[in-house]
$ cat coords09.tsv   # TSV, C-alpha atoms
chain	number	residue	atom	x	y	z
A	1	MET	CA	0.00	0.00	0.00
A	2	LYS	CA	1.59	3.26	-1.08
A	3	ILE	CA	1.27	6.25	1.25
A	4	ILE	CA	0.94	9.75	-0.18
A	5	LEU	CA	1.34	12.86	1.96
A	6	LYS	CA	0.16	16.10	0.35
A	7	HIS	CA	1.39	19.33	1.97
A	8	LEU	CA	0.93	17.78	5.41
A	9	THR	CA	1.40	20.22	8.29
A	10	LYS	CA	0.84	19.92	12.03
A	11	ILE	CA	0.98	22.99	14.26
A	12	PHE	CA	0.70	22.82	18.04
A	13	PRO	CA	-0.47	26.09	19.64
A	14	ASN	CA	2.04	27.45	22.13
A	15	ARG	CA	0.34	28.14	25.44
A	16	THR	CA	3.24	30.30	26.65
A	17	LYS	CA	2.54	33.97	26.17
A	18	ASN	CA	4.45	35.78	23.41
A	19	LYS	CA	5.98	32.57	22.06
A	20	PRO	CA	5.29	31.25	18.54
A	21	ASP	CA	3.31	28.11	17.80
A	22	VAL	CA	5.28	24.90	17.32
A	23	ILE	CA	5.35	23.60	13.73
A	24	ALA	CA	6.04	19.91	14.34
A	25	VAL	CA	5.52	18.82	10.71
A	26	ASN	CA	6.03	21.45	8.04
A	27	ASP	CA	4.54	20.97	4.55
A	28	PHE	CA	5.45	17.31	3.96
A	29	ASP	CA	4.83	16.37	0.35
A	30	PHE	CA	6.11	12.96	-0.75
A	31	GLU	CA	5.10	9.41	-1.62
A	32	ILE	CA	6.14	6.16	0.08
A	33	PRO	CA	6.05	3.33	-2.48
A	34	ASP	CA	4.10	0.15	-1.84
A	35	GLY	CA	5.91	-2.55	0.13
A	36	GLN	CA	8.90	-0.40	1.16
A	37	LEU	CA	10.50	-0.05	4.58
A	38	VAL	CA	11.10	3.63	5.23
A	39	GLY	CA	13.26	5.02	8.03
A	40	LEU	CA	12.20	8.33	9.59
A	41	LEU	CA	15.42	9.69	11.02
A	42	GLY	CA	16.26	12.79	13.01
A	43	PRO	CA	17.12	14.15	16.46
A	44	SER	CA	14.64	14.18	19.33
A	45	GLY	CA	11.91	16.75	18.77
A	46	CYS	CA	12.26	16.86	14.98
A	47	GLY	CA	8.67	15.67	14.36
A	48	LYS	CA	9.17	11.95	13.64
A	49	SER	CA	6.62	10.62	16.11
A	50	THR	CA	4.17	13.42	15.25
A	51	LEU	CA	4.30	12.35	11.60
A	52	LEU	CA	3.70	8.74	12.59
A	53	ASN	CA	0.72	9.75	14.71
A	54	LEU	CA	-0.71	11.74	11.79
A	55	ILE	CA	-0.42	8.73	9.48
A	56	SER	CA	-2.00	6.44	12.09
A	57	GLY	CA	-4.88	8.84	12.77
A	58	LEU	CA	-3.98	9.50	16.41
A	59	LEU	CA	-3.46	13.15	15.46
A	60	GLU	CA	-5.36	15.27	12.97
A	61	PRO	CA	-3.31	17.44	10.61
A	62	THR	CA	-3.61	21.21	10.68
A	63	THR	CA	-3.54	21.22	6.89
A	64	GLY	CA	-2.82	18.71	4.13
A	65	GLN	CA	-4.01	15.24	3.16
A	66	ILE	CA	-3.01	11.60	3.71
A	67	TYR	CA	-3.73	8.90	1.15
A	68	PHE	CA	-3.40	5.13	1.45
A	69	GLY	CA	-3.30	4.17	-2.20
A	70	ASP	CA	-6.20	6.07	-3.77
A	71	ASP	CA	-8.12	6.36	-0.48
A	72	ASP	CA	-8.12	9.72	1.32
A	73	VAL	CA	-7.80	8.69	4.99
A	74	THR	CA	-7.17	12.17	6.41
A	75	LYS	CA	-10.43	12.22	8.37
A	76	LEU	CA	-10.67	8.46	8.94
A	77	SER	CA	-10.50	7.17	12.52
A	78	PRO	CA	-7.43	5.08	13.50
A	79	GLU	CA	-9.37	1.81	13.75
A	80	ASN	CA	-10.64	2.17	10.19
A	81	ARG	CA	-7.29	2.92	8.53
A	82	GLY	CA	-5.90	-0.61	8.57
A	83	VAL	CA	-2.80	0.41	10.49
A	84	GLY	CA	-0.67	-1.73	12.80
A	85	MET	CA	1.44	0.19	15.30
A	86	VAL	CA	4.29	-0.86	17.60
A	87	PHE	CA	5.27	1.57	20.33
A	88	GLN	CA	8.53	2.13	22.17
A	89	ASN	CA	7.14	0.65	25.41
A	90	TYR	CA	5.44	-2.38	23.72
A	91	ALA	CA	2.09	-1.66	25.50
A	92	LEU	CA	1.37	-5.33	26.21
A	93	TYR	CA	-1.39	-6.31	28.66
A	94	PRO	CA	0.50	-7.75	31.68
A	95	HIS	CA	-2.33	-10.05	32.79
A	96	LEU	CA	-2.69	-11.69	29.35
A	97	THR	CA	-0.51	-14.38	27.79
A	98	ALA	CA	1.38	-13.75	24.58
A	99	ARG	CA	-1.35	-15.61	22.69
A	100	GLN	CA	-4.06	-13.45	24.22
A	101	ASN	CA	-2.11	-10.25	23.56
A	102	ILE	CA	-1.62	-11.19	19.91
A	103	VAL	CA	-5.28	-11.96	19.19
A	104	PHE	CA	-6.65	-9.06	21.21
A	105	PRO	CA	-7.19	-6.82	18.12
A	106	LEU	CA	-9.25	-9.59	16.50
A	107	GLU	CA	-11.57	-10.40	19.40
A	108	ASN	CA	-14.01	-7.55	18.85
A	109	LEU	CA	-14.63	-8.17	15.17
A	110	LYS	CA	-18.32	-8.43	14.40
A	111	GLY	CA	-20.61	-9.84	11.74
A	112	LYS	CA	-18.97	-11.63	8.83
A	113	ASP	CA	-15.51	-10.73	10.17
A	114	LYS	CA	-16.05	-12.39	13.56
A	115	LEU	CA	-13.63	-15.26	14.17
A	116	THR	CA	-14.09	-18.52	16.03
A	117	LYS	CA	-11.80	-19.54	18.87
A	118	GLU	CA	-10.06	-21.98	16.54
A	119	GLN	CA	-9.50	-19.26	13.93
A	120	LEU	CA	-8.12	-16.91	16.59
A	121	ASN	CA	-5.66	-19.56	17.74
A	122	GLU	CA	-4.66	-20.30	14.17
A	123	LYS	CA	-3.94	-16.62	13.48
A	124	ALA	CA	-2.01	-16.23	16.76
A	125	GLU	CA	0.17	-19.21	15.89
A	126	GLU	CA	0.71	-17.96	12.34
A	127	ALA	CA	1.85	-14.53	13.60
A	128	ALA	CA	3.99	-16.16	16.32
A	129	ARG	CA	5.75	-18.33	13.75
A	130	LEU	CA	6.52	-15.27	11.66
A	131	VAL	CA	8.26	-13.56	14.60
A	132	GLN	CA	9.67	-16.88	15.90
A	133	ILE	CA	8.02	-16.98	19.36
A	134	GLU	CA	5.68	-19.96	18.84
A	135	ASN	CA	7.10	-21.62	21.99
A	136	LEU	CA	6.25	-18.56	24.14
A	137	LEU	CA	2.54	-18.25	23.48
A	138	GLU	CA	1.45	-19.28	26.98
A	139	ARG	CA	3.84	-16.95	28.79
A	140	LYS	CA	2.89	-13.58	30.22
A	141	PRO	CA	4.99	-10.46	29.51
A	142	SER	CA	6.70	-10.62	32.92
A	143	GLU	CA	8.04	-14.05	31.98
A	144	MET	CA	9.68	-12.82	28.77
A	145	SER	CA	12.79	-10.80	27.91
A	146	GLY	CA	12.55	-7.35	26.34
A	147	GLY	CA	13.31	-8.77	22.91
A	148	GLN	CA	10.61	-11.43	23.27
A	149	GLN	CA	8.07	-8.83	24.39
A	150	GLN	CA	8.95	-6.74	21.36
A	151	ARG	CA	8.23	-9.71	19.09
A	152	VAL	CA	4.85	-10.19	20.75
A	153	ALA	CA	4.07	-6.52	20.08
A	154	ILE	CA	5.06	-6.93	16.41
A	155	ALA	CA	2.96	-10.11	16.10
A	156	ARG	CA	-0.03	-8.26	17.56
A	157	ALA	CA	0.44	-5.45	15.05
A	158	ILE	CA	0.62	-7.75	12.01
A	159	VAL	CA	-1.98	-10.37	13.02
A	160	LYS	CA	-4.79	-8.27	11.53
A	161	LYS	CA	-2.85	-7.96	8.25
A	162	PRO	CA	-2.63	-4.15	8.27
A	163	ARG	CA	-2.20	-2.10	5.12
A	164	VAL	CA	0.53	-0.10	6.85
A	165	LEU	CA	2.87	-0.97	9.75
A	166	LEU	CA	4.20	1.88	11.92
A	167	LEU	CA	7.12	1.33	14.32
A	168	ASP	CA	7.83	4.13	16.81
A	169	GLU	CA	11.40	3.68	18.14
A	170	PRO	CA	10.70	-0.02	18.81
A	171	LEU	CA	14.27	-0.94	19.74
A	172	SER	CA	15.21	1.86	22.14
A	173	ASN	CA	14.55	-0.24	25.28
A	174	LEU	CA	16.77	-3.14	24.17
A	175	ASP	CA	20.47	-3.67	24.84
A	176	ALA	CA	22.96	-3.39	21.98
A	177	ARG	CA	23.01	-7.09	21.08
A	178	LEU	CA	19.23	-7.42	21.11
A	179	ARG	CA	18.85	-4.23	19.07
A	180	LEU	CA	21.00	-5.71	16.33
A	181	GLN	CA	19.16	-9.03	16.36
A	182	THR	CA	15.69	-7.48	16.50
A	183	ARG	CA	16.29	-4.96	13.71
A	184	GLU	CA	17.39	-7.84	11.47
A	185	GLU	CA	14.16	-9.65	12.40
A	186	ILE	CA	12.08	-6.56	11.60
A	187	ARG	CA	13.67	-6.43	8.17
A	188	ARG	CA	13.03	-10.15	7.59
A	189	ILE	CA	9.39	-9.87	8.70
A	190	GLN	CA	8.81	-6.82	6.52
A	191	ARG	CA	10.21	-8.59	3.48
A	192	GLU	CA	8.11	-11.71	4.10
A	193	THR	CA	4.88	-9.77	4.60
A	194	ALA	CA	5.59	-6.97	2.05
A	195	ILE	CA	3.69	-4.54	4.31
A	196	THR	CA	4.56	-0.89	3.74
A	197	THR	CA	6.45	-0.04	6.93
A	198	ILE	CA	7.57	3.23	8.50
A	199	PHE	CA	10.29	2.91	11.13
A	200	VAL	CA	10.94	5.88	13.42
A	201	THR	CA	14.35	6.16	15.09
A	202	HIS	CA	16.97	8.69	16.12
A	203	ASP	CA	19.66	6.02	15.64
A	204	GLN	CA	21.14	6.55	12.18
A	205	GLU	CA	22.83	3.14	12.14
A	206	GLU	CA	19.46	1.42	12.64
A	207	ALA	CA	17.82	3.47	9.91
A	208	MET	CA	20.63	2.95	7.42
A	209	SER	CA	20.95	-0.79	8.01
A	210	ILE	CA	17.36	-1.88	7.35
A	211	SER	CA	15.61	0.86	5.36
A	212	ASP	CA	14.93	0.86	1.62
A	213	PHE	CA	15.17	4.62	1.88
A	214	ILE	CA	15.33	7.16	4.66
A	215	ILE	CA	13.83	10.56	5.36
A	216	VAL	CA	16.12	12.84	7.37
A	217	MET	CA	14.20	15.42	9.41
A	218	LYS	CA	15.09	18.48	11.46
A	219	ASP	CA	12.72	20.92	13.19
A	220	GLY	CA	9.69	19.51	11.36
A	221	ILE	CA	11.29	19.92	7.93
A	222	ILE	CA	12.49	17.24	5.52
A	223	ASN	CA	16.17	17.83	4.83
A	224	GLN	CA	16.81	14.90	2.48
A	225	ILE	CA	15.12	11.76	1.13
A	226	GLY	CA	16.97	8.91	-0.53
A	227	LYS	CA	18.65	5.54	-0.24
A	228	PRO	CA	20.79	5.33	2.90
A	229	GLN	CA	24.13	4.99	1.12
A	230	ASP	CA	23.26	7.74	-1.36
A	231	ILE	CA	22.52	10.19	1.46
A	232	TYR	CA	25.68	9.17	3.32
A	233	ASP	CA	27.80	9.69	0.20
A	234	ASP	CA	25.98	12.81	-1.04
A	235	PRO	CA	24.53	14.90	1.84
A	236	VAL	CA	22.77	18.10	0.76
A	237	ASN	CA	23.73	20.12	3.82
A	238	LEU	CA	26.01	20.11	6.85
A	239	PHE	CA	23.29	18.87	9.22
A	240	VAL	CA	22.71	15.71	7.18
A	241	ALA	CA	26.45	15.15	6.77
A	242	LYS	CA	26.99	15.38	10.54
A	243	PHE	CA	23.90	13.37	11.48
A	244	LEU	CA	24.77	10.30	9.37
A	245	GLY	CA	27.85	8.29	10.10
A	246	THR	CA	29.67	6.72	13.07
A	247	PRO	CA	32.15	8.11	13.96
A	248	GLN	CA	30.73	11.48	12.97
A	249	ILE	CA	32.12	13.30	9.96
A	250	ASN	CA	35.10	15.57	10.77
A	251	VAL	CA	34.39	19.27	10.16
A	252	PHE	CA	37.11	21.89	9.66
A	253	ALA	CA	36.98	25.64	9.16
A	254	GLY	CA	38.68	26.37	5.86
A	255	GLU	CA	38.53	28.18	2.58
A	256	VAL	CA	38.72	27.78	-1.15
A	257	LYS	CA	41.41	29.96	-2.67
A	258	ASN	CA	42.88	29.94	-6.18
A	259	GLY	CA	41.39	26.54	-7.00
A	260	LYS	CA	42.59	24.84	-3.83
A	261	ILE	CA	40.96	23.70	-0.59
A	262	TYR	CA	42.83	25.07	2.42
A	263	ILE	CA	42.68	23.77	5.98
A	264	GLY	CA	44.59	26.42	7.88
A	265	GLU	CA	47.63	27.22	5.79
A	266	GLN	CA	47.74	23.79	4.16
A	267	ALA	CA	46.36	23.22	0.65
A	268	VAL	CA	44.91	19.72	0.83
A	269	MET	CA	43.33	19.37	-2.63
A	270	LYS	CA	43.04	21.03	-6.04
A	271	ILE	CA	39.49	21.60	-7.26
A	272	LYS	CA	37.52	23.32	-10.03
A	273	GLY	CA	34.24	25.19	-10.20
A	274	VAL	CA	34.20	26.97	-6.81
A	275	GLU	CA	34.73	30.68	-6.20
A	276	ASP	CA	37.14	31.81	-3.49
A	277	GLN	CA	35.31	31.79	-0.14
A	278	LYS	CA	35.33	30.61	3.47
A	279	VAL	CA	33.79	27.11	3.77
A	280	HIS	CA	33.04	24.27	6.15
A	281	ILE	CA	35.20	21.31	5.10
A	282	ALA	CA	33.78	17.93	6.10
A	283	ILE	CA	35.81	14.72	5.76
A	284	ARG	CA	34.45	11.24	6.49
A	285	PRO	CA	36.57	9.20	8.96
A	286	GLU	CA	37.40	6.69	6.22
A	287	GLY	CA	38.52	9.51	3.91
A	288	PHE	CA	42.01	9.94	5.41
A	289	ILE	CA	45.06	8.22	3.89
A	290	PRO	CA	48.19	8.23	6.09
A	291	GLU	CA	51.14	9.32	3.95
A	292	ALA	CA	54.53	10.55	5.03
A	293	ARG	CA	54.22	13.55	2.71
A	294	GLY	CA	50.47	14.01	2.93
A	295	PRO	CA	49.34	17.66	2.69
A	296	LEU	CA	47.31	17.69	5.93
A	297	THR	CA	49.32	17.66	9.15
A	298	CYS	CA	47.63	16.76	12.45
A	299	GLN	CA	48.91	16.32	15.98
A	300	LEU	CA	48.65	12.67	17.01
A	301	GLN	CA	46.78	11.99	20.26
A	302	ALA	CA	46.18	8.23	20.22
A	303	VAL	CA	46.05	5.12	18.06
A	304	GLU	CA	43.14	2.77	18.86
A	305	VAL	CA	43.25	-0.70	17.28
A	306	THR	CA	39.84	-2.40	17.22
A	307	GLY	CA	40.57	-5.60	15.30
A	308	ARG	CA	39.64	-4.95	11.69
A	309	ASP	CA	40.16	-1.17	11.85
A	310	THR	CA	42.47	1.34	13.46
A	311	SER	CA	41.19	4.69	14.70
A	312	ILE	CA	43.68	7.54	14.63
A	313	VAL	CA	42.80	10.28	17.10
A	314	SER	CA	44.39	13.61	16.31
A	315	THR	CA	43.90	17.37	16.49
A	316	ASN	CA	44.28	20.34	14.16
A	317	PRO	CA	43.84	24.06	14.94
A	318	ALA	CA	41.18	24.34	12.20
A	319	PHE	CA	39.13	21.39	13.45
A	320	ASP	CA	35.64	22.13	14.80
A	321	GLY	CA	35.49	19.69	17.72
A	322	ALA	CA	37.47	17.86	20.37
A	323	ALA	CA	39.37	15.35	18.22
A	324	ILE	CA	39.61	14.18	14.63
A	325	ARG	CA	38.83	10.50	14.13
A	326	SER	CA	40.32	8.79	11.09
A	327	ILE	CA	39.51	5.16	10.33
A	328	ILE	CA	42.18	3.16	8.51
A	329	SER	CA	42.95	-0.52	7.98
A	330	SER	CA	44.65	-2.23	10.92
A	331	ASP	CA	47.25	-3.43	8.41
A	332	ILE	CA	48.66	0.11	8.40
A	333	LYS	CA	50.88	0.60	11.42
A	334	ILE	CA	51.10	4.04	13.01
A	335	PRO	CA	53.55	4.33	15.94
A	336	ALA	CA	51.58	5.62	18.92
A	337	ASP	CA	54.55	7.65	20.19
A	338	GLN	CA	55.00	9.84	17.11
A	339	LYS	CA	53.94	13.46	17.49
A	340	GLU	CA	52.45	14.17	14.06
A	341	VAL	CA	50.52	12.28	11.43
A	342	HIS	CA	50.22	13.34	7.79
A	343	PHE	CA	47.23	12.61	5.58
A	344	SER	CA	46.13	12.90	2.00
A	345	ILE	CA	42.35	12.97	1.45
A	346	LYS	CA	40.15	10.73	-0.72
A	347	PRO	CA	38.36	13.14	-3.11
A	348	HIS	CA	34.95	11.42	-2.81
A	349	LYS	CA	35.07	11.59	1.00
A	350	ILE	CA	35.48	15.36	1.34
A	351	HIS	CA	32.50	17.74	1.15
A	352	LEU	CA	32.29	21.53	1.17
A	353	PHE	CA	29.46	23.51	2.74
A	354	SER	CA	28.59	27.18	2.64
A	355	VAL	CA	29.35	29.19	5.77
A	356	ALA	CA	26.25	31.33	5.12
A	357	ASP	CA	23.55	28.64	4.93
A	358	GLU	CA	25.44	25.32	5.41
A	359	LYS	CA	24.25	24.03	2.03
A	360	ARG	CA	26.48	21.76	-0.05
A	361	ILE	CA	28.96	23.32	-2.45
A	362	TYR	CA	29.68	20.93	-5.30
A	363	PHE	CA	33.07	20.84	-6.99
A	364	GLU	CA	35.20	18.91	-9.44
A	365	THR	CA	38.58	17.54	-8.49
A	366	GLU	CA	41.64	18.35	-10.53
A	367	GLY	CA	44.49	16.00	-11.29
$ encode --input "coords09.tsv" --output "structure tokens"
Amino acid sequence: MKIILKHLTKIFPNRTKNKPDVIAVNDFDFEIPDGQLVGLLGPSGCGKSTLLNLISGLLEPTTGQIYFGDDDVTKLSPENRGVGMVFQNYALYPHLTARQNIVFPLENLKGKDKLTKEQLNEKAEEAARLVQIENLLERKPSEMSGGQQQRVAIARAIVKKPRVLLLDEPLSNLDARLRLQTREEIRRIQRETAITTIFVTHDQEEAMSISDFIIVMKDGIINQIGKPQDIYDDPVNLFVAKFLGTPQINVFAGEVKNGKIYIGEQAVMKIKGVEDQKVHIAIRPEGFIPEARGPLTCQLQAVEVTGRDTSIVSTNPAFDGAAIRSIISSDIKIPADQKEVHFSIKPHKIHLFSVADEKRIYFETEG
């Protein structure tokens, strides 16, 4: 089921005197293709959960329209939209077993849709098999781990075969290992069911790892939409560049002068197509190449070997932050006691942004 948002806006009146209203979702206008898993990504307070609540029907938009396929559902109540929703806190009934929690949405069906006890059990077992908890159906939530409870919540959301599945930060209460396992399961389930799914998170690694495409939000505004790797490689502004990637992209104060990118007094790359100006220079951690005669000189702070990779921690007077992090292969040996490290820069891993509005400045490399 494709989802179409047409100029969708949600404004919350500010009850504090002399303060402006809060625009939580600002003129969203895009289409989510049928059967895709979409990651809504952004910092806390950017409007992710508000957008999810608008799509589910829990909130009514200030302006704009929401379509499921060709159906305008803007004024439709939540129970009539065909939406399954999984919340951050699971919202399971503690006195009911997993089986009873899963079939709860089906028990109040009436008329021709009413199900027998045998049909309810059959659907509970079918949903449990999909999320791989068929051996836990008689347990209550208190007898299950956080990951198992999350699977019960997902089974309950999909048992009624929704047109759209909405996941609101469903992994935030799990430890790191369970988060990894459960996000892989969410991706598997989504592929098997082909339900159009919207996944809300502030964790960019989660969004990038399982989404067909992601929507990066800030202050109720869409900053960029695209495939995860495309956005990582080609951010449209400094916010998106800094928000995606672990470790975070390294940002320097610099300038373009006479066809060269300067960090401090050092010309690190020749380029074409950019006028002389002050710029933000952003370099991905994997964009540094240690070379004895590299054009960028940094003061070495530490060398951290983490198995496959080595992280070089260094500083530079032009760097905007505490420490530069450069990720290189552990096959390259950097003596931890040396005082300086020299780098050349991979051309496709360096981005320029305007000082005035932080938008991307595109350039061509030379030589």
$ residues_around --input "coords09.tsv" --residues "Leu52 of chain A" --least-positions-apart "5" --cutoff "9 Å" --atoms "only C-alpha atoms" --output "JSON, numbers by chain"
{"A": [47, 57, 58, 59, 166, 167, 168, 198, 199, 200]}
$ atom_distance --input "coords09.tsv" --atom1 "atom CA of His351 of chain A" --atom2 "atom CA of Ile283 of chain A"
6.4 Å
$ atom_distance --input "coords09.tsv" --atom1 "atom CA of Thr197 of chain A" --atom2 "atom CA of Val25 of chain A"
19.3 Å
$ residues_around --input "coords09.tsv" --residues "Gly35 of chain A" --least-positions-apart "4" --cutoff "7 Å" --atoms "all atoms listed in the file" --output "list in words"
Met1, Ala194, Ile195 and Thr196 of chain A
$ write_last_selection --input "coords09.tsv" --atoms "C-alpha atoms" --output "short mmCIF file (atom, residue, chain, number, x, y, z; two decimals), in the coordinates of the input"
data_model
loop_
_atom_site.label_atom_id
_atom_site.label_comp_id
_atom_site.auth_asym_id
_atom_site.auth_seq_id
_atom_site.Cartn_x
_atom_site.Cartn_y
_atom_site.Cartn_z
CA MET A 1 0.00 0.00 0.00
CA ALA A 194 5.59 -6.97 2.05
CA ILE A 195 3.69 -4.54 4.31
CA THR A 196 4.56 -0.89 3.74
#
$ atom_distance --input "coords09.tsv" --atom1 "atom CA of Ser209 of chain A" --atom2 "atom CA of Ile4 of chain A"
24.1 Å
$ closest_residue --input "coords09.tsv" --among "A:Gln149, A:Gln229, A:Gln224, A:Asn53" --to "Ile66 of chain A" --atoms "all atoms listed in the file"
A:Asn53
$ closest_residue --input "coords09.tsv" --among "A:Gly264, A:Gly245, A:Gly111, A:Pro13" --to "Phe319 of chain A" --atoms "all atoms listed in the file"
A:Gly264
$ closest_residue --input "coords09.tsv" --among "A:Met208, A:Ser311, A:Ile334, A:Gly42" --to "Phe243 of chain A" --atoms "all atoms listed in the file"
A:Gly42
$ closest_residue --input "coords09.tsv" --among "A:Lys270, A:Arg293, A:His342, A:Lys227" --to "Thr315 of chain A" --atoms "only C-alpha atoms"
A:His342
$ closest_residue --input "coords09.tsv" --among "A:Asp320, A:Glu291, A:Glu31, A:Asp219" --to "Gln248 of chain A" --atoms "all atoms listed in the file"
A:Asp320
$ closest_residue --input "coords09.tsv" --among "A:Val313, A:Ile158, A:Ile225, A:Val38" --to "Lys123 of chain A" --atoms "only C-alpha atoms"
A:Ile158
$ residues_around --input "coords09.tsv" --residues "Ile271 of chain A" --least-positions-apart "3" --cutoff "7 Å" --atoms "all atoms listed in the file" --output "PyMOL selection string"
chain A and resi 259-260+363-366
$ residues_near_point --input "coords09.tsv" --point "(15.4, 9.8, 5.0)" --cutoff "7 Å" --atoms "all atoms listed in the file" --output "ChimeraX atom specification"
/A:39-41,213-216,224-226
$ residues_around --input "coords09.tsv" --residues "Leu136 of chain A" --least-positions-apart "5" --cutoff "12 Å" --atoms "all atoms listed in the file" --output "ChimeraX atom specification"
/A:97-102,124-125,128-129,131,141-145,148-149,151-152
$ residues_around --input "coords09.tsv" --residues "Ile55 of chain A" --least-positions-apart "3" --cutoff "12 Å" --atoms "all atoms listed in the file" --output "PyMOL selection string"
chain A and resi 3-6+8-10+25+28+32+48-52+58-61+64-68+72-78+81-85+163-168+197-198
$ residues_near_point --input "coords09.tsv" --point "(26.7, 9.9, -2.3)" --cutoff "12 Å" --atoms "only C-alpha atoms" --output "list of chain:residue names"
A:Gly226, A:Lys227, A:Pro228, A:Gln229, A:Asp230, A:Ile231, A:Tyr232, A:Asp233, A:Asp234, A:Pro235, A:Val236, A:Val240, A:Ala241, A:Leu244, A:Arg284, A:His348, A:Lys349, A:Ile350, A:His351, A:Tyr362
$ write_last_selection --input "coords09.tsv" --atoms "C-alpha atoms" --output "PDB file, in the coordinates of the input"
ATOM      1  CA  GLY A 226      16.970   8.910  -0.530  1.00  0.00           C
ATOM      2  CA  LYS A 227      18.650   5.540  -0.240  1.00  0.00           C
ATOM      3  CA  PRO A 228      20.790   5.330   2.900  1.00  0.00           C
ATOM      4  CA  GLN A 229      24.130   4.990   1.120  1.00  0.00           C
ATOM      5  CA  ASP A 230      23.260   7.740  -1.360  1.00  0.00           C
ATOM      6  CA  ILE A 231      22.520  10.190   1.460  1.00  0.00           C
ATOM      7  CA  TYR A 232      25.680   9.170   3.320  1.00  0.00           C
ATOM      8  CA  ASP A 233      27.800   9.690   0.200  1.00  0.00           C
ATOM      9  CA  ASP A 234      25.980  12.810  -1.040  1.00  0.00           C
ATOM     10  CA  PRO A 235      24.530  14.900   1.840  1.00  0.00           C
ATOM     11  CA  VAL A 236      22.770  18.100   0.760  1.00  0.00           C
ATOM     12  CA  VAL A 240      22.710  15.710   7.180  1.00  0.00           C
ATOM     13  CA  ALA A 241      26.450  15.150   6.770  1.00  0.00           C
ATOM     14  CA  LEU A 244      24.770  10.300   9.370  1.00  0.00           C
ATOM     15  CA  ARG A 284      34.450  11.240   6.490  1.00  0.00           C
ATOM     16  CA  HIS A 348      34.950  11.420  -2.810  1.00  0.00           C
ATOM     17  CA  LYS A 349      35.070  11.590   1.000  1.00  0.00           C
ATOM     18  CA  ILE A 350      35.480  15.360   1.340  1.00  0.00           C
ATOM     19  CA  HIS A 351      32.500  17.740   1.150  1.00  0.00           C
ATOM     20  CA  TYR A 362      29.680  20.930  -5.300  1.00  0.00           C
TER      21      TYR A 362
END
